[in-house]
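K.L.:
My structure is stored as work16.txt, with compact mmCIF, C-alpha atoms and all ligand atoms.
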```
# COMPACT_ATOMS: atom_id res chain seq x y z
CA MET A 1 98.75 84.24 131.15
CA LEU A 2 95.99 82.52 129.16
CA VAL A 3 93.10 84.84 128.27
CA LEU A 4 89.78 84.10 126.58
CA GLY A 5 88.51 87.08 124.56
CA ILE A 6 84.88 87.64 123.58
CA GLU A 7 83.67 90.23 121.05
CA SER A 8 79.93 90.84 120.61
CA SER A 9 79.53 94.59 120.10
CA CYS A 10 77.82 94.53 116.72
CA ASP A 11 77.20 91.88 114.07
CA GLU A 12 80.12 89.51 114.61
CA THR A 13 80.62 87.03 117.43
CA GLY A 14 84.36 86.60 117.88
CA VAL A 15 86.09 84.36 120.42
CA ALA A 16 89.84 83.83 120.81
CA LEU A 17 92.49 82.47 123.14
CA TYR A 18 95.65 84.54 123.64
CA ASP A 19 98.62 83.46 125.74
CA SER A 20 101.02 86.20 126.80
CA VAL A 21 104.00 83.88 126.21
CA ARG A 22 102.87 81.70 123.30
CA GLY A 23 100.81 84.34 121.45
CA LEU A 24 97.48 83.76 119.74
CA LEU A 25 96.45 80.11 120.16
CA ALA A 26 93.07 80.04 118.39
CA HIS A 27 90.35 82.32 117.16
CA ALA A 28 86.87 81.76 115.74
CA LEU A 29 84.34 84.11 114.23
CA TYR A 30 80.71 83.95 113.25
CA SER A 31 79.51 86.81 111.04
CA GLN A 32 75.82 87.73 110.98
CA ILE A 33 76.21 89.71 107.75
CA ALA A 34 73.99 87.39 105.70
CA MET A 35 71.20 87.65 108.29
CA HIS A 36 71.24 91.48 108.37
CA ASN A 37 71.70 91.83 104.60
CA ASP A 38 67.95 91.40 104.02
CA TYR A 39 67.31 94.53 106.12
CA GLY A 40 70.05 96.75 104.62
CA GLY A 41 71.77 97.15 108.01
CA VAL A 42 72.18 95.65 111.47
CA VAL A 43 68.94 94.87 113.36
CA PRO A 44 70.02 95.14 117.02
CA GLU A 45 67.51 92.66 118.48
CA LEU A 46 68.38 90.00 115.90
CA ALA A 47 72.08 90.63 116.55
CA SER A 48 71.69 90.04 120.31
CA ARG A 49 69.73 86.83 119.83
CA ASP A 50 72.30 85.48 117.40
CA HIS A 51 75.24 86.27 119.73
CA ILE A 52 73.45 84.13 122.35
CA ARG A 53 73.31 81.23 119.89
CA ARG A 54 76.98 81.49 118.86
CA VAL A 55 79.03 82.46 121.86
CA LEU A 56 79.20 79.12 123.68
CA PRO A 57 79.83 76.91 120.60
CA LEU A 58 82.61 79.30 119.50
CA THR A 59 84.15 79.18 122.98
CA ARG A 60 84.12 75.38 122.93
CA GLN A 61 85.66 75.49 119.45
CA VAL A 62 88.67 77.65 120.41
CA LEU A 63 89.30 75.59 123.55
CA ALA A 64 89.21 72.36 121.52
CA GLU A 65 91.41 73.77 118.72
CA SER A 66 94.06 74.95 121.13
CA GLY A 67 93.85 71.84 123.33
CA CYS A 68 93.27 73.99 126.42
CA ALA A 69 90.94 73.07 129.27
CA LEU A 70 88.55 75.67 130.62
CA GLU A 71 90.33 75.41 133.98
CA ALA A 72 93.59 76.58 132.37
CA LEU A 73 92.20 80.07 131.78
CA ASP A 74 93.76 82.88 133.84
CA GLY A 75 91.28 85.56 132.81
CA ILE A 76 88.44 86.49 130.49
CA ALA A 77 88.19 89.68 128.41
CA TYR A 78 85.00 90.92 126.80
CA THR A 79 84.01 93.97 124.80
CA GLN A 80 82.35 96.33 127.27
CA GLY A 81 81.64 99.08 124.72
CA PRO A 82 81.05 101.03 122.62
CA GLY A 83 78.43 99.13 120.64
CA LEU A 84 74.86 97.87 120.70
CA ALA A 85 73.71 97.55 124.32
CA GLY A 86 71.89 94.22 123.93
CA ALA A 87 74.71 92.69 121.90
CA LEU A 88 77.34 93.84 124.41
CA LEU A 89 75.30 92.35 127.28
CA VAL A 90 75.53 88.87 125.76
CA GLY A 91 79.35 88.82 125.78
CA ALA A 92 79.59 90.64 129.09
CA GLY A 93 77.07 88.36 130.82
CA MET A 94 78.70 85.19 129.53
CA ALA A 95 82.24 86.40 130.38
CA ARG A 96 81.36 87.52 133.89
CA ALA A 97 79.42 84.36 134.70
CA LEU A 98 82.17 82.10 133.39
CA ALA A 99 84.89 84.06 135.21
CA PHE A 100 82.89 83.93 138.46
CA SER A 101 82.41 80.18 138.15
CA LEU A 102 86.15 79.66 137.54
CA ASP A 103 87.13 82.20 140.22
CA ILE A 104 89.30 84.17 137.80
CA PRO A 105 89.24 87.87 136.80
CA ALA A 106 87.15 89.26 133.96
CA VAL A 107 87.98 92.57 132.31
CA GLY A 108 85.83 94.81 130.10
CA VAL A 109 87.75 95.98 127.02
CA HIS A 110 87.13 99.10 124.91
CA HIS A 111 86.30 97.88 121.40
CA LEU A 112 88.46 100.59 119.76
CA GLU A 113 91.40 99.83 122.04
CA GLY A 114 91.08 96.28 120.74
CA HIS A 115 91.18 97.51 117.13
CA MET A 116 94.04 99.90 117.84
CA LEU A 117 96.26 97.29 119.48
CA SER A 118 95.42 94.57 116.91
CA PRO A 119 98.55 95.26 114.77
CA LEU A 120 100.56 94.30 117.89
CA ILE A 121 99.41 90.66 117.50
CA SER A 122 102.41 90.06 115.31
CA ASP A 123 105.96 88.69 115.40
CA THR A 124 107.18 92.19 114.47
CA PRO A 125 104.88 94.57 116.38
CA PRO A 126 105.37 98.35 116.18
CA GLU A 127 107.01 100.00 119.18
CA PHE A 128 105.33 102.87 121.05
CA PRO A 129 104.80 105.73 120.36
CA PHE A 130 102.75 105.58 117.18
CA VAL A 131 99.90 107.40 115.53
CA ALA A 132 96.80 105.23 115.01
CA LEU A 133 94.28 105.75 112.24
CA LEU A 134 91.08 104.07 113.42
CA VAL A 135 88.70 103.59 110.52
CA SER A 136 85.71 101.42 111.31
CA GLY A 137 82.00 101.42 110.54
CA GLY A 138 81.26 103.58 113.57
CA HIS A 139 84.45 105.61 114.14
CA THR A 140 87.12 107.60 112.33
CA GLN A 141 89.81 108.90 114.65
CA LEU A 142 93.49 109.78 114.68
CA MET A 143 95.12 109.00 118.02
CA LEU A 144 98.59 109.54 119.40
CA VAL A 145 99.42 106.33 121.28
CA LEU A 146 102.22 106.53 123.86
CA GLY A 147 101.46 103.15 125.47
CA VAL A 148 98.55 100.92 126.43
CA GLY A 149 95.83 103.26 127.73
CA ARG A 150 97.87 106.40 126.94
CA TYR A 151 95.81 107.81 124.10
CA THR A 152 95.48 111.43 122.95
CA LEU A 153 92.80 112.23 120.41
CA LEU A 154 94.31 114.24 117.54
CA GLY A 155 91.19 114.45 115.41
CA GLU A 156 88.00 112.65 114.45
CA THR A 157 85.09 112.73 112.07
CA LEU A 158 82.55 115.49 112.61
CA ASP A 159 79.77 113.44 111.01
CA ASP A 160 79.85 110.03 109.24
CA ALA A 161 82.58 107.47 109.92
CA ALA A 162 84.71 106.37 106.96
CA GLY A 163 83.16 102.89 106.94
CA GLU A 164 79.70 104.41 107.17
CA ALA A 165 80.51 106.56 104.10
CA PHE A 166 81.63 103.42 102.21
CA ASP A 167 78.45 101.62 103.31
CA LYS A 168 76.07 104.48 102.42
CA THR A 169 77.76 105.07 99.06
CA ALA A 170 77.57 101.34 98.33
CA GLN A 171 73.86 101.46 99.11
CA LEU A 172 73.40 104.36 96.65
CA LEU A 173 75.17 102.23 94.03
CA GLY A 174 72.86 99.30 94.67
CA LEU A 175 75.44 97.10 96.45
CA GLY A 176 74.55 95.10 99.58
CA TYR A 177 75.39 95.57 103.25
CA PRO A 178 78.09 96.13 104.47
CA GLY A 179 79.11 97.85 101.28
CA GLY A 180 82.81 98.57 101.88
CA PRO A 181 84.27 95.36 100.40
CA ALA A 182 81.76 95.34 97.47
CA LEU A 183 82.38 99.01 96.70
CA SER A 184 86.13 98.48 96.75
CA LYS A 185 85.78 95.53 94.33
CA LEU A 186 83.59 97.57 91.97
CA ALA A 187 85.99 100.53 92.16
CA ALA A 188 88.84 98.31 90.93
CA ALA A 189 86.98 97.99 87.60
CA GLY A 190 86.29 101.73 87.36
CA ASP A 191 88.10 104.83 86.13
CA ALA A 192 88.71 107.15 89.09
CA SER A 193 89.47 110.15 86.86
CA ARG A 194 86.11 110.12 85.07
CA PHE A 195 84.35 112.06 87.85
CA THR A 196 85.80 114.40 90.45
CA LEU A 197 84.28 114.30 93.92
CA PRO A 198 85.05 116.67 96.83
CA ARG A 199 87.80 115.93 99.40
CA PRO A 200 86.05 117.37 102.49
CA MET A 201 88.33 119.16 104.98
CA LEU A 202 91.47 118.14 103.11
CA ASN A 203 93.03 121.53 103.77
CA SER A 204 91.33 122.34 107.09
CA GLY A 205 94.70 122.44 108.86
CA ASP A 206 93.55 120.07 111.63
CA PHE A 207 93.11 116.31 111.95
CA ASP A 208 89.31 116.21 111.78
CA PHE A 209 87.32 114.56 109.01
CA SER A 210 83.91 114.95 107.41
CA PHE A 211 82.39 112.40 105.06
CA SER A 212 78.71 113.29 104.83
CA GLY A 213 79.26 115.88 102.06
CA LEU A 214 81.10 113.29 99.98
CA LYS A 215 78.16 110.92 100.29
CA THR A 216 75.76 113.70 99.24
CA ALA A 217 77.98 114.46 96.23
CA VAL A 218 77.71 110.78 95.24
CA LEU A 219 73.92 110.97 95.57
CA THR A 220 73.82 114.00 93.25
CA LEU A 221 76.11 112.25 90.75
CA VAL A 222 74.03 109.06 90.79
CA ARG A 223 70.85 111.08 90.17
CA LYS A 224 72.52 112.77 87.18
CA GLN A 225 74.36 109.80 85.67
CA GLY A 226 72.23 106.83 86.72
CA LEU A 227 73.93 103.58 87.63
CA ASP A 228 75.49 102.81 84.24
CA GLN A 229 78.74 104.37 85.43
CA ALA A 230 78.58 102.81 88.91
CA ALA A 231 82.17 101.49 88.73
CA ASP A 232 83.58 104.92 87.79
CA ILE A 233 81.56 106.57 90.58
CA ALA A 234 82.77 103.95 93.09
CA ALA A 235 86.37 104.57 92.02
CA ALA A 236 85.95 108.36 92.29
CA PHE A 237 84.44 108.00 95.78
CA GLN A 238 87.17 105.65 96.96
CA VAL A 239 90.02 107.82 95.72
CA ALA A 240 88.48 110.94 97.33
CA ALA A 241 87.96 109.24 100.71
CA VAL A 242 91.44 107.67 100.63
CA ASP A 243 93.07 111.00 99.66
CA VAL A 244 91.75 112.60 102.85
CA LEU A 245 92.61 109.62 105.08
CA VAL A 246 96.18 109.38 103.74
CA SER A 247 96.89 113.09 103.84
CA LYS A 248 95.60 113.62 107.40
CA SER A 249 97.28 110.48 108.78
CA LEU A 250 100.70 111.45 107.45
CA ALA A 251 100.25 115.05 108.62
CA ALA A 252 99.37 113.72 112.11
CA CYS A 253 102.63 111.69 112.17
CA VAL A 254 104.70 114.70 111.11
CA HIS A 255 102.90 116.96 113.64
CA SER A 256 103.53 114.44 116.46
CA GLY A 257 107.14 113.74 115.45
CA VAL A 258 106.32 110.02 115.19
CA THR A 259 107.59 107.71 112.44
CA ARG A 260 105.18 104.81 112.98
CA LEU A 261 101.57 104.72 111.79
CA VAL A 262 99.14 101.97 112.76
CA VAL A 263 95.96 101.45 110.75
CA ALA A 264 93.06 99.57 112.34
CA GLY A 265 89.36 98.94 111.82
CA GLY A 266 87.36 97.54 108.91
CA VAL A 267 88.32 100.17 106.33
CA GLY A 268 91.96 99.23 107.04
CA ALA A 269 91.24 96.18 104.86
CA ASN A 270 90.82 98.47 101.84
CA THR A 271 93.50 97.64 99.26
CA HIS A 272 93.63 101.12 97.73
CA LEU A 273 94.08 102.73 101.17
CA ARG A 274 96.87 100.25 102.01
CA GLU A 275 98.73 100.79 98.75
CA ARG A 276 98.54 104.58 98.90
CA LEU A 277 99.47 104.80 102.59
CA THR A 278 102.39 102.43 102.36
CA ARG A 279 103.85 104.22 99.32
CA GLU A 280 103.34 107.79 100.53
CA ALA A 281 104.43 107.03 104.09
CA ALA A 282 107.66 105.41 102.87
CA ALA A 283 108.46 108.57 100.93
CA ARG A 284 108.34 110.47 104.26
CA GLY A 285 110.28 107.89 106.29
CA ILE A 286 107.15 106.63 108.07
CA SER A 287 106.50 102.89 108.54
CA VAL A 288 102.91 101.67 108.38
CA PHE A 289 101.64 98.70 110.41
CA TYR A 290 98.40 96.87 109.66
CA PRO A 291 96.64 94.07 111.51
CA ARG A 292 96.35 90.71 109.73
CA LEU A 293 93.60 91.19 107.13
CA GLU A 294 91.15 89.00 109.09
CA PHE A 295 91.75 91.17 112.21
CA CYS A 296 90.87 94.47 110.48
CA THR A 297 87.17 93.82 110.97
CA ASP A 298 85.68 92.78 114.32
CA ASN A 299 87.21 89.72 115.95
CA GLY A 300 87.86 88.08 119.32
CA ALA A 301 91.68 88.06 118.97
CA MET A 302 91.99 91.82 119.47
CA ILE A 303 89.82 91.64 122.60
CA ALA A 304 91.82 88.73 124.04
CA TYR A 305 95.08 90.60 123.30
CA ALA A 306 93.96 93.96 124.79
CA GLY A 307 92.45 92.08 127.75
CA ALA A 308 95.77 90.28 128.38
CA GLN A 309 97.57 93.66 128.53
CA ARG A 310 95.05 95.00 131.03
CA LEU A 311 94.87 91.81 133.12
CA ALA A 312 98.64 91.87 133.49
CA THR A 313 98.23 94.75 135.96
CA HIS A 314 94.67 94.19 137.14
CA ARG A 315 94.14 90.67 138.37
CA LYS A 316 91.28 91.03 140.83
CA THR A 317 88.81 88.15 140.83
CA SER A 318 85.45 89.34 139.53
CA ASP A 319 82.09 89.40 141.18
CA LEU A 320 78.89 89.14 139.17
CA THR A 321 78.15 92.86 138.86
CA PHE A 322 78.85 94.49 135.54
CA ALA A 323 77.64 97.21 133.20
CA VAL A 324 78.16 97.70 129.50
CA LYS A 325 79.00 101.09 127.97
CA PRO A 326 77.27 101.56 124.61
CA ARG A 327 78.95 105.02 124.46
CA TRP A 328 82.52 105.27 125.72
CA GLU A 329 85.32 107.69 124.78
CA LEU A 330 88.64 105.99 124.10
CA ALA A 331 90.68 108.93 125.42
CA THR A 332 89.11 108.43 128.91
CA LEU A 333 90.74 105.02 129.48
CA ASP A 334 93.20 104.50 132.32
CA ALA A 335 96.88 104.33 131.45
CA MET A 336 98.84 101.23 132.40
O1 LIG A 401 85.79 97.54 112.36
P1 LIG A 401 84.56 97.00 111.74
O2 LIG A 401 84.47 95.53 111.47
O3 LIG A 401 83.30 97.30 112.59
C1 LIG A 401 83.11 98.39 113.41
O4 LIG A 401 83.63 98.38 114.55
O5 LIG A 401 82.46 99.32 112.90
O6 LIG A 401 84.35 97.83 110.39
C2 LIG A 401 83.30 97.57 109.52
C3 LIG A 401 83.37 98.61 108.42
C4 LIG A 401 82.15 98.58 107.50
O7 LIG A 401 81.71 99.91 107.32
C5 LIG A 401 82.71 98.00 106.20
O8 LIG A 401 82.04 98.44 105.05
C6 LIG A 401 84.13 98.53 106.24
O9 LIG A 401 84.51 98.41 107.58
N1 LIG A 401 85.02 97.73 105.36
C7 LIG A 401 85.63 98.23 104.27
C8 LIG A 401 86.36 97.15 103.69
N2 LIG A 401 86.17 96.04 104.46
C9 LIG A 401 85.35 96.42 105.50
N3 LIG A 401 85.61 99.45 103.73
C10 LIG A 401 86.34 99.65 102.60
N4 LIG A 401 87.05 98.68 101.99
C11 LIG A 401 87.10 97.43 102.49
N5 LIG A 401 87.82 96.48 101.87
ZN ZN A 402 84.94 97.27 115.16
```
With the file now loaded, output its structure as structure tokens.
P.N.:
Amino acid sequence: MLVLGIESSCDETGVALYDSVRGLLAHALYSQIAMHNDYGGVVPELASRDHIRRVLPLTRQVLAESGCALEALDGIAYTQGPGLAGALLVGAGMARALAFSLDIPAVGVHHLEGHMLSPLISDTPPEFPFVALLVSGGHTQLMLVLGVGRYTLLGETLDDAAGEAFDKTAQLLGLGYPGGPALSKLAAAGDASRFTLPRPMLNSGDFDFSFSGLKTAVLTLVRKQGLDQAADIAAAFQVAAVDVLVSKSLAACVHSGVTRLVVAGGVGANTHLRERLTREAAARGISVFYPRLEFCTDNGAMIAYAGAQRLATHRKTSDLTFAVKPRWELATLDAM
């Protein structure tokens, strides 16, 4: 089955073609980061307008690169939520209209299901069950995954998401938006032992997280020290955040009796997190699976892949009615 996937939930337009037999055929991405950088964060109206400009050229690009005709498509998947309503409507409207014109099914995909299944776009995918650590700009969750759509929430952040904490800390250190990659680069040049920052909820005995106190501790430190020691502060922040993520993820695996851990979402690109997790998981007999680096952050490939799984059992031709879901709980999805 040949599926076109469209991602437009935030500040990246991603389009990809996934074939259930041949695998990923092509993917293309346009990032709006430079446009939003001037404003210190995503401006929803600008994001929507830019998705409109990009989505058709990117679709033409992946079709041309893979040598597939539009008529060869068996289905279209689009991000239905969660995300920015106007941005989601661009992908949803385009996907539904195209599917209607081709008389093929369209399916709305949960953005986090896309992230969570993205490590399965691989020649050596993890088998079910696994524990998934979802660490993006908007979410931090630990899920027990028994199969596609069979998700049990083990714990989540009570306030800021991990990526949000990286972004806000980066802002305090005078780095641009989104700050995660820049903060991680700066931290590599710093001494993590120079300052000690709190590890919120490290010993709370559950799988929930809290990152807002850590950000406040950075603010206090920056006020006291100024920005001369920015690299040391970045390193101290990163090691504190990673300590909590690693400890809770491994505890969730042990608690669930599962020996596979999947890491997905933008913060999954963090080198320090990857090194620590891989080393400490191996010591406990747990294997860690990551998406390809380019599929950690938002992309169309994960939507095409998740859509192909869902279309395999749900192949109704679509009409033109649709709704996006800016708020949508992952644990409420239907099992397959
Ligand atoms: O998954 P994603 O692309 O978007 C959402 O669905 O939110 O994640 C974006 C988040 C941003 O907060 C960004 O700063 C963070 O992922 N991020 C990183 C790194 N690369 C991206 N955080 C830490 N280290 C990185 N290398
Ligand atoms: Zn995302």
K.L.:
Taking only C-alpha atoms and all ligand atoms into account, name the residue in A:Ala182, A:Ala217, A:Leu112, A:Val145 that is nearest to ligand ZN 402 (chain A).
P.N.:
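With only C-alpha atoms and all ligand atoms as the atom set, the closest residue is A:Leu112.
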K.L.:
Using all atoms of segment 264-268 of chain A that appear in the file, construct an axis-aligned enclosing box with 8 Å of padding on every side and provide its centre coordinates and edge lengths in Å, rounded to one decimal, as lines of an AutoDock Vina configuration file.
P.N.:
```
center_x = 90.2
center_y = 98.9
center_z = 109.3
size_x = 21.7
size_y = 18.6
size_z = 22.0
```
K.L.:
Using all atoms listed in the file, what does the table of chain A residues within 6 Å of ligand ZN 402 (chain A) look like, with each row giving the shortest atom pair and its distance in Å to one decimal, sorted by chain and ascending number, as CSV?
P.N.:
```
residue,atom,partner,partner_atom,distance
A:Ser136,CA,A:ZN402,ZN,5.7
A:Gly265,CA,A:ZN402,ZN,5.8
A:Thr297,CA,A:ZN402,ZN,5.9
A:Asp298,CA,A:ZN402,ZN,4.6
```
K.L.:
For the atom pair atom CA of Ala97 of chain A and atom CA of Leu24 of chain A, what is the interatomic distance in Å to one decimal place?
P.N.:
23.5 Å
K.L.:
Do a neighbour search on Leu214 of chain A at 12 Å with all atoms listed in the file, toss out local chain neighbours closer than 2 positions, and write the hits as a PyMOL selection string.
P.N.:
chain A and resi 159-162+164-166+168-169+196-202+209-212+216-221+233-234+236-242+244
K.L.:
Which residue gives the smallest distance to Ala306 of chain A among A:Leu2, A:Leu25, A:Ala77, A:Val246, with all atoms listed in the file counted?
P.N.:
A:Ala77
K.L.:
May I have the protein, DNA and RNA residues with any atom at most 8 Å from the point (89.9, 80.1, 115.9), counting only C-alpha atoms, written as a list in words?
P.N.:
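Result, sorted by chain then residue number: Val15, Ala16, Leu25, Ala26, His27, Ala28, Leu29, Gln61, Val62 and Glu65 of chain A.
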K.L.:
Write as a PyMOL selection string the residues around ligand LIG 401 (chain A), taking 10 Å as the cut-off and counting all atoms listed in the file.
P.N.:
chain A and resi 9-12+82-83+111-112+114-115+134-140+161-170+176-185+238+241-242+264-274+293-299
K.L.:
Would you please work out which residue, of A:Leu311, A:Val254, A:Leu142, A:Leu133, is nearest to Leu277 of chain A when using only C-alpha atoms?
P.N.:
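For Leu277 of chain A, the nearest of the given residues is A:Leu133.
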K.L.:
Go ahead and compute the interatomic distance for atom CA of Gly93 of chain A and atom CA of Thr13 of chain A, in Å to one decimal.
P.N.:
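Atom CA of Thr13 of chain A lies at a distance of 13.9 Å from atom CA of Gly93 of chain A.
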